[in-house]
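The structure under discussion appears below in the form of structure tokens.
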Amino acid sequence: PSITNKGELIFQFSSPLVKIDFDSNIVWVNNQDKFHHSIELDDEENIYVPSHYSPYSELVSKYVGLNKEVWNYYFLDDAINILDKNGKILFSKSVTEILIEHGYMNRIFSQQSFKSDPIHLNDIQPVLKDTKYFKKGDVFLSLRNLSMVILYRPSTNRIIKIIEGEFYNQHDVDIIDESSISIYNNNVFYNYKNERIVKNNEIVIYDFETNSFSKKFEKTFIENKINSAQRGLVDFSEDGSAIVEDSENGRILYLSAKGEVIWIFNNLNSKKQLYDLWWARIIDVKKSKKIRELIKND
């Protein structure tokens with residue numbers, strides 16, 4: 001879920017998108033698509049969320065066929081969606097179409113391990129201000145099954161940059177500063193026996209200025225065996241400290257800017273049973289003050 005300044009929650013679980021108010025009343029439901037994965041907000045509280053198109057567009061149907069039965073849509077056509085705070089779709093575009101239109105059709109249909117889910121869009125990160133390397137209104141797209149991050153400009157339907165190389169089956173792309181982004185590298189692949197090989201996860205930093213990669217908190221990740229095969233994220237605060245969600249191990253680690261473990265939260269019940277975690281996040285100071293005031297006055 002994502003939370004607004006008014007304490008409203010926006011959520012989905014491969015389902016319609018729902019907003020409820022501070023008192024848990026339904027504000028609106030958008031059932032135009034099946035929404036999934038991360039929900040992000042910009043400064044105007046516009047909503048950025050992936051979905052699966054059904055039915056397919058005319059262009060995509062040429063390559064994957066058009067099935068009349070909705071349940072029989074075997075090809076997951078990921079889409080970018082931008083909605084306003086009232087749940088109205090402002091922009092929607094198939095990622096499959098974007099890749100075909102830019103000459104990357106071979107990337108979509110050469111993924112033998114993921115024939116039904118070759119793209120797997122899991123995060124849409126909006127750019128909130130202009131810099132030398134990206135502009136307000138751009139979005140970073142994390143395409144897990146292509147091990148690829150794309151900088152895309154919806155206003156012109158243009159891929160600005162494709163980033164790949166030092167990460168594999170990644171999640172959660174975040175903007176660090178005016179020239180760099182972080183990528184949560186799950187660092188997992190399958191061997192010839194179709195067995196999942198999981199190394200420790202990594203925080204990969206990509207620098208636009210030098211076109212190079214570096215790693216952050218590497219020693220901490222190894223020592224604490226942070227190794228979720230799927231999901232996982234890092235969320236940085238302004239002082240460089242961060243929370244790390246080790247999703248499949250059911251824990252959140254709070255790290256100092258130097259990578260020291262300050263505390264660990266284990267998602268256990270009273271019987272010490274472990275539960276997964278899904279898309280934790282830091283609520284910034286300005287927003288948290290407003291929410292605390294709402295709770296105080298409730």
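In the structure tokens, chains take letters A, B, ... by order of appearance, with residues numbered from 1 within each chain and ligands from 1 in the order shown.
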Can you list, as a ChimeraX atom specification, all residues belonging to region 118-290 of chain A that DSSP tags as helix (DSSP H, G or I)?
/A:144-146,218-223,247-249,285-290
Excluding Asp77 (chain A) and any residue of its chain fewer than 4 positions from it, enumerate the residues within 7 Å of it, using only C-alpha atoms, and give them as a VMD selection string.
chain A and resid 52 to 53 94 96
Residues within 10 Å of Glu8 (chain A), only C-alpha atoms, excluding chain neighbours under 4 positions, as JSON, numbers by chain:
{"A": [1, 2, 3, 4, 19, 20, 21, 22, 23, 24, 25, 26, 27, 291]}
Written file, previous selection with N, CA and C atoms, as a PDB file, in the first residue's frame:
ATOM      1  N   PRO A   1       0.813  -1.206   0.000  1.00  0.00           N
ATOM      2  CA  PRO A   1       0.000   0.000   0.000  1.00  0.00           C
ATOM      3  C   PRO A   1       0.854   1.267   0.000  1.00  0.00           C
ATOM      4  N   SER A   2       0.268   2.342  -0.493  1.00  0.00           N
ATOM      5  CA  SER A   2       0.914   3.649  -0.411  1.00  0.00           C
ATOM      6  C   SER A   2      -0.013   4.570   0.361  1.00  0.00           C
ATOM      7  N   ILE A   3       0.552   5.464   1.175  1.00  0.00           N
ATOM      8  CA  ILE A   3      -0.243   6.313   2.049  1.00  0.00           C
ATOM      9  C   ILE A   3      -0.128   7.775   1.610  1.00  0.00           C
ATOM     10  N   THR A   4      -1.237   8.518   1.666  1.00  0.00           N
ATOM     11  CA  THR A   4      -1.265   9.919   1.260  1.00  0.00           C
ATOM     12  C   THR A   4      -1.111  10.828   2.475  1.00  0.00           C
ATOM     13  N   LYS A  19      -8.775   2.909  -3.127  1.00  0.00           N
ATOM     14  CA  LYS A  19      -8.375   3.920  -2.154  1.00  0.00           C
ATOM     15  C   LYS A  19      -9.404   3.944  -1.026  1.00  0.00           C
ATOM     16  N   ILE A  20      -8.915   3.891   0.226  1.00  0.00           N
ATOM     17  CA  ILE A  20      -9.777   4.058   1.392  1.00  0.00           C
ATOM     18  C   ILE A  20      -9.317   5.283   2.171  1.00  0.00           C
ATOM     19  N   ASP A  21     -10.247   5.923   2.884  1.00  0.00           N
ATOM     20  CA  ASP A  21      -9.890   7.115   3.644  1.00  0.00           C
ATOM     21  C   ASP A  21      -9.368   6.731   5.024  1.00  0.00           C
ATOM     22  N   PHE A  22      -9.114   7.755   5.851  1.00  0.00           N
ATOM     23  CA  PHE A  22      -8.519   7.548   7.177  1.00  0.00           C
ATOM     24  C   PHE A  22      -9.399   6.689   8.076  1.00  0.00           C
ATOM     25  N   ASP A  23     -10.708   6.682   7.807  1.00  0.00           N
ATOM     26  CA  ASP A  23     -11.655   5.890   8.599  1.00  0.00           C
ATOM     27  C   ASP A  23     -12.021   4.571   7.920  1.00  0.00           C
ATOM     28  N   SER A  24     -11.230   4.191   6.903  1.00  0.00           N
ATOM     29  CA  SER A  24     -11.392   2.910   6.192  1.00  0.00           C
ATOM     30  C   SER A  24     -12.624   2.843   5.303  1.00  0.00           C
ATOM     31  N   ASN A  25     -13.211   3.986   4.969  1.00  0.00           N
ATOM     32  CA  ASN A  25     -14.300   4.018   4.001  1.00  0.00           C
ATOM     33  C   ASN A  25     -13.721   3.990   2.592  1.00  0.00           C
ATOM     34  N   ILE A  26     -14.353   3.268   1.676  1.00  0.00           N
ATOM     35  CA  ILE A  26     -13.884   3.211   0.295  1.00  0.00           C
ATOM     36  C   ILE A  26     -14.129   4.558  -0.382  1.00  0.00           C
ATOM     37  N   VAL A  27     -13.062   5.161  -0.919  1.00  0.00           N
ATOM     38  CA  VAL A  27     -13.161   6.427  -1.645  1.00  0.00           C
ATOM     39  C   VAL A  27     -13.456   6.151  -3.115  1.00  0.00           C
ATOM     40  N   ILE A 291       0.308  12.619   9.375  1.00  0.00           N
ATOM     41  CA  ILE A 291      -0.422  11.405   9.734  1.00  0.00           C
ATOM     42  C   ILE A 291      -0.518  11.268  11.245  1.00  0.00           C
TER      43      ILE A 291
END
Using DSSP assignments from the backbone, pull out every residue in region 23-254 of chain A that falls under strand (DSSP E or B) and give it to me as number ranges by chain.
A: 26-35, 40-41, 47-52, 78-83, 89-94, 121-126, 139-143, 148-153, 158-163, 171-177, 180-185, 188-190, 196-198, 202-207, 212-216, 233-236, 242-246, 251-254
Selection near Ile150 (chain A), 10 Å with only C-alpha atoms, sequence-local residues under 3 positions removed, as JSON, numbers by chain
{"A": [124, 139, 140, 141, 142, 143, 153, 159, 160, 161, 162, 163, 164, 173]}
Where does region 155-212 of chain A meet region 238-241 of chain A within 12 Å, residue by residue, with the nearest atom pair and distance in Å to one decimal for each, counting only C-alpha atoms, listed by chain and rising number, as JSON lines?
{"residue": "A:Ile175", "atom": "CA", "partner": "A:Glu238", "partner_atom": "CA", "distance": 11.9}
{"residue": "A:Ile176", "atom": "CA", "partner": "A:Gly240", "partner_atom": "CA", "distance": 9.4}
{"residue": "A:Asp177", "atom": "CA", "partner": "A:Glu238", "partner_atom": "CA", "distance": 10.4}
Selection export as a compact mmCIF listing (two decimals), in the first residue's frame, atoms kept: C-alpha atoms:
# COMPACT_ATOMS: atom_id res chain seq x y z
CA ILE A 175 16.54 7.85 -7.55
CA ILE A 176 19.47 8.65 -5.25
CA ASP A 177 20.48 12.09 -6.54
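Using only C-alpha atoms, the protein and nucleic acid residues lying no more than 6 Å from Ile226 (chain A), apart from those fewer than 5 places from it along its own chain, are Asn200, Asn201, Phe221 and Asp246 of chain A.
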When you look at Val60 (chain A) with a cut-off of 12 Å (counting only C-alpha atoms), what residues show up, excluding the ones that are within fewer than 5 positions of it in the same chain? I need them as a list in words.
Tyr53, Ser54, Pro55, Gly65, Leu66, Asn67, Phe75, Leu76, Asp77, Asp78, Ala79, Lys93, Ser94, Val95, Thr96, Glu97, Ile98, Leu99, Ile100, Glu101, Met105, Ile108 and Phe109 of chain A
Tell me, as a tab-separated table (two decimals) with all heavy atoms, in the first residue's frame, which residues lie within 8 Å of Asp172 (chain A), counting only C-alpha atoms; anything in the same chain fewer than 3 positions away does not count.
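That gives us around.tsv:
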chain	number	residue	atom	x	y	z
A	122	ASN	N	7.98	-4.58	-12.20
A	122	ASN	CA	7.69	-4.63	-10.77
A	122	ASN	C	7.84	-3.29	-10.06
A	122	ASN	O	7.54	-3.19	-8.86
A	122	ASN	CB	8.54	-5.70	-10.06
A	122	ASN	CG	10.03	-5.54	-10.28
A	122	ASN	OD1	10.54	-4.43	-10.36
A	122	ASN	ND2	10.73	-6.66	-10.39
A	123	ASP	N	8.29	-2.25	-10.75
A	123	ASP	CA	8.41	-0.94	-10.10
A	123	ASP	C	8.42	0.16	-11.16
A	123	ASP	O	9.11	0.04	-12.18
A	123	ASP	CB	9.70	-0.88	-9.27
A	123	ASP	CG	9.78	0.34	-8.37
A	123	ASP	OD1	8.72	0.97	-8.12
A	123	ASP	OD2	10.88	0.67	-7.90
A	142	SER	N	11.52	-1.00	-13.77
A	142	SER	CA	12.29	-2.19	-13.44
A	142	SER	C	11.63	-3.40	-14.10
A	142	SER	O	10.52	-3.78	-13.74
A	142	SER	CB	12.36	-2.40	-11.92
A	142	SER	OG	12.93	-3.65	-11.62
A	183	ILE	N	19.48	0.15	-7.42
A	183	ILE	CA	18.74	-1.00	-7.92
A	183	ILE	C	18.91	-2.13	-6.91
A	183	ILE	O	20.04	-2.46	-6.51
A	183	ILE	CB	19.28	-1.45	-9.30
A	183	ILE	CG1	19.17	-0.31	-10.32
A	183	ILE	CG2	18.54	-2.69	-9.80
A	183	ILE	CD1	20.02	-0.52	-11.56
A	184	TYR	N	17.78	-2.74	-6.49
A	184	TYR	CA	17.87	-3.88	-5.58
A	184	TYR	C	18.10	-5.13	-6.42
A	184	TYR	O	17.19	-5.63	-7.08
A	184	TYR	CB	16.59	-4.02	-4.74
A	184	TYR	CG	16.75	-4.99	-3.59
A	184	TYR	CD1	17.17	-4.55	-2.34
A	184	TYR	CD2	16.51	-6.35	-3.76
A	184	TYR	CE1	17.34	-5.42	-1.29
A	184	TYR	CE2	16.68	-7.24	-2.71
A	184	TYR	CZ	17.09	-6.77	-1.48
A	184	TYR	OH	17.26	-7.66	-0.43
A	232	GLY	N	11.97	-7.79	-2.34
A	232	GLY	CA	13.06	-7.13	-1.65
A	232	GLY	C	13.22	-5.70	-2.12
A	232	GLY	O	12.91	-5.37	-3.27
A	233	LEU	N	13.70	-4.84	-1.21
A	233	LEU	CA	13.87	-3.44	-1.58
A	233	LEU	C	14.81	-2.75	-0.61
A	233	LEU	O	15.11	-3.25	0.47
A	233	LEU	CB	12.52	-2.71	-1.61
A	233	LEU	CG	11.68	-2.63	-0.33
A	233	LEU	CD1	12.16	-1.54	0.62
A	233	LEU	CD2	10.22	-2.36	-0.67
A	234	VAL	N	15.24	-1.56	-1.03
A	234	VAL	CA	15.96	-0.64	-0.15
A	234	VAL	C	15.28	0.71	-0.26
A	234	VAL	O	14.81	1.11	-1.33
A	234	VAL	CB	17.46	-0.54	-0.53
A	234	VAL	CG1	17.63	0.01	-1.95
A	234	VAL	CG2	18.22	0.32	0.46
Which of these residues is nearest to Gln170 (chain A), using only C-alpha atoms: A:Gln12, A:Ser51, A:Asn267, A:Ser182?
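Looking at the shortest contact to Gln170 (chain A), the residue is A:Ser182.
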In Å, with one decimal, what is the gap from CA of Leu128 (chain A) to CA of Asp42 (chain A)?
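If I compute the distance from CA of Leu128 (chain A) to CA of Asp42 (chain A), I get 6.7 Å.
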Atom pair CA of Leu151 (chain A) / CA of Ile243 (chain A): separation (Å)
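Value for the CA of Leu151 (chain A)-CA of Ile243 (chain A) distance: 24.4 Å.
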Counting only C-alpha atoms, the residue among A:Leu268, A:Ile252, A:Ala242, A:Leu83 that lies closest to Glu45 (chain A) is A:Leu83
Using Å and a single decimal, report how far CA of Tyr63 (chain A) sits from CA of Asn106 (chain A).
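Interatomic distance, CA of Asn106 (chain A) to CA of Tyr63 (chain A): 11.5 Å.
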